[in-house]
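The next block holds one structure in the form of structure tokens; read it before the comments.
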Amino acid sequence: MNQKETQQTDSLPVVLTIASSDSGGGTGIQADLKTFSALNVYGTSAITCVTAQNPEAIMAVTSLDTEIVTQQIQAVCDSFPVRAAKTGMLYSADIIHAVAQEDVHEGIPILVVDPVMVEASGKLMFQEDTLAALCDHLLPLARVVTPNIWEAELLSGYSISSEEDQKKAACKIGGHYGVACVLTGGHLPEDNVVDVVYDEGEELYLYSTSCRGS
């Protein structure tokens, strides 16, 4: 770490994104690092897979070996005081197991799980055993989970077509896993988009008329 990086991490909280690389720059590692910078925190990363992607579609995905994913997390945690981590596309059960193990081993204080399983078109993006690994090993470690409509349907078992459905699903997910659930509503057809937040029995509704597809 050079002197400039040392000065930055002395003054800014360090956060870690564990996610895919998006060649289009709109999601994944690239989007997370932009967000971290905008929020004035120091961003670090561990890449889980590489995508050939643009705003319209994901053309291809290549998963990285679990060992290099583990080594990236260890390398960051060895040199930085990581205050929080956020996961994105983990893609396989093996990678989920590795991330969960390292989260516990490194003692990362806060884990935010974005359960990236369904792309904007509604197409599934995970292997067959990934959902079970996510539910059994990673979500129990999380403080916050941020599913979109389709991902919330998979996690809750509910069909979601309204704000009331969002509320039921967010309550079930949050209550079952003991997490704060932020269920984003950008894929519903209504003009007024609502994100439903459920945390320890309390509910919050965040409305927008301009955000779509998140």
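Residue names in the structure tokens use chain letters A, B, ... in the order shown, residue numbers from 1 in each chain, and ligand numbers from 1 in the order shown.
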
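Using only C-alpha atoms, the residues found no farther than 8 Å from Thr17 in chain A, other than those of its own chain fewer than 5 positions away, are Ile29, Asp32, Leu33, Gly43, Thr44, Ser45, Ala46, Ala85, Lys86, Thr87 and Gly88 of chain A.
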
Exercise for the section: Point out the residue among A:Pro81, A:Pro115, A:Pro55, A:Gly28 with the least atom-to-atom distance to Glu151 in chain A, counting only C-alpha atoms. Expected result: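 The shortest atom-to-atom distance to Glu151 in chain A comes from A:Pro115.
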
Problem - All alpha helix (DSSP H) positions in range 33-196 of chain A, as an MDAnalysis selection string - result: chainID A and resid 33:38 66:79 93:106 130:133 149:156 163:177

Do you know which residues are at most 7 Å from Tyr205 in chain A counting only C-alpha atoms, after dropping those on the same chain fewer than 2 positions away, and could you put them as a tab-separated table (two decimals) with C-alpha atoms, in the first residue's frame?
chain	number	residue	atom	x	y	z
A	194	VAL	CA	-41.69	1.59	-4.04
A	195	ASP	CA	-38.85	-0.10	-2.18
A	196	VAL	CA	-40.10	-1.89	0.93
A	197	VAL	CA	-37.79	-2.05	3.95
A	203	GLU	CA	-41.57	-1.25	7.93
A	207	TYR	CA	-41.29	5.91	-3.13

Problem - Interatomic distance (Å, one decimal) between CA of Thr27 in chain A and CA of Thr48 in chain A - result: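 Spanning CA of Thr27 in chain A to CA of Thr48 in chain A is a straight-line distance of 13.4 Å.
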
Fill in the blank from the handout: What separates CA of Gly24 in chain A and CA of Ile108 in chain A is a distance of 29.2 Å

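Shortest separation to Arg143 in chain A among A:Met89, A:Val112, A:Gln30, A:Leu204 occurs at residue A:Val112, atoms counted being only C-alpha atoms.
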
Practice task
Counting only C-alpha atoms, figure out which residue out of A:Val82, A:Val69, A:Ile47, A:Gln74 gets nearest to Leu12 in chain A.
Solution key: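 With only C-alpha atoms as the atom set, the closest residue is A:Val82.
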
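Here CA of Leu111 in chain A is placed at a distance of 15.5 Å from CA of Val41 in chain A.
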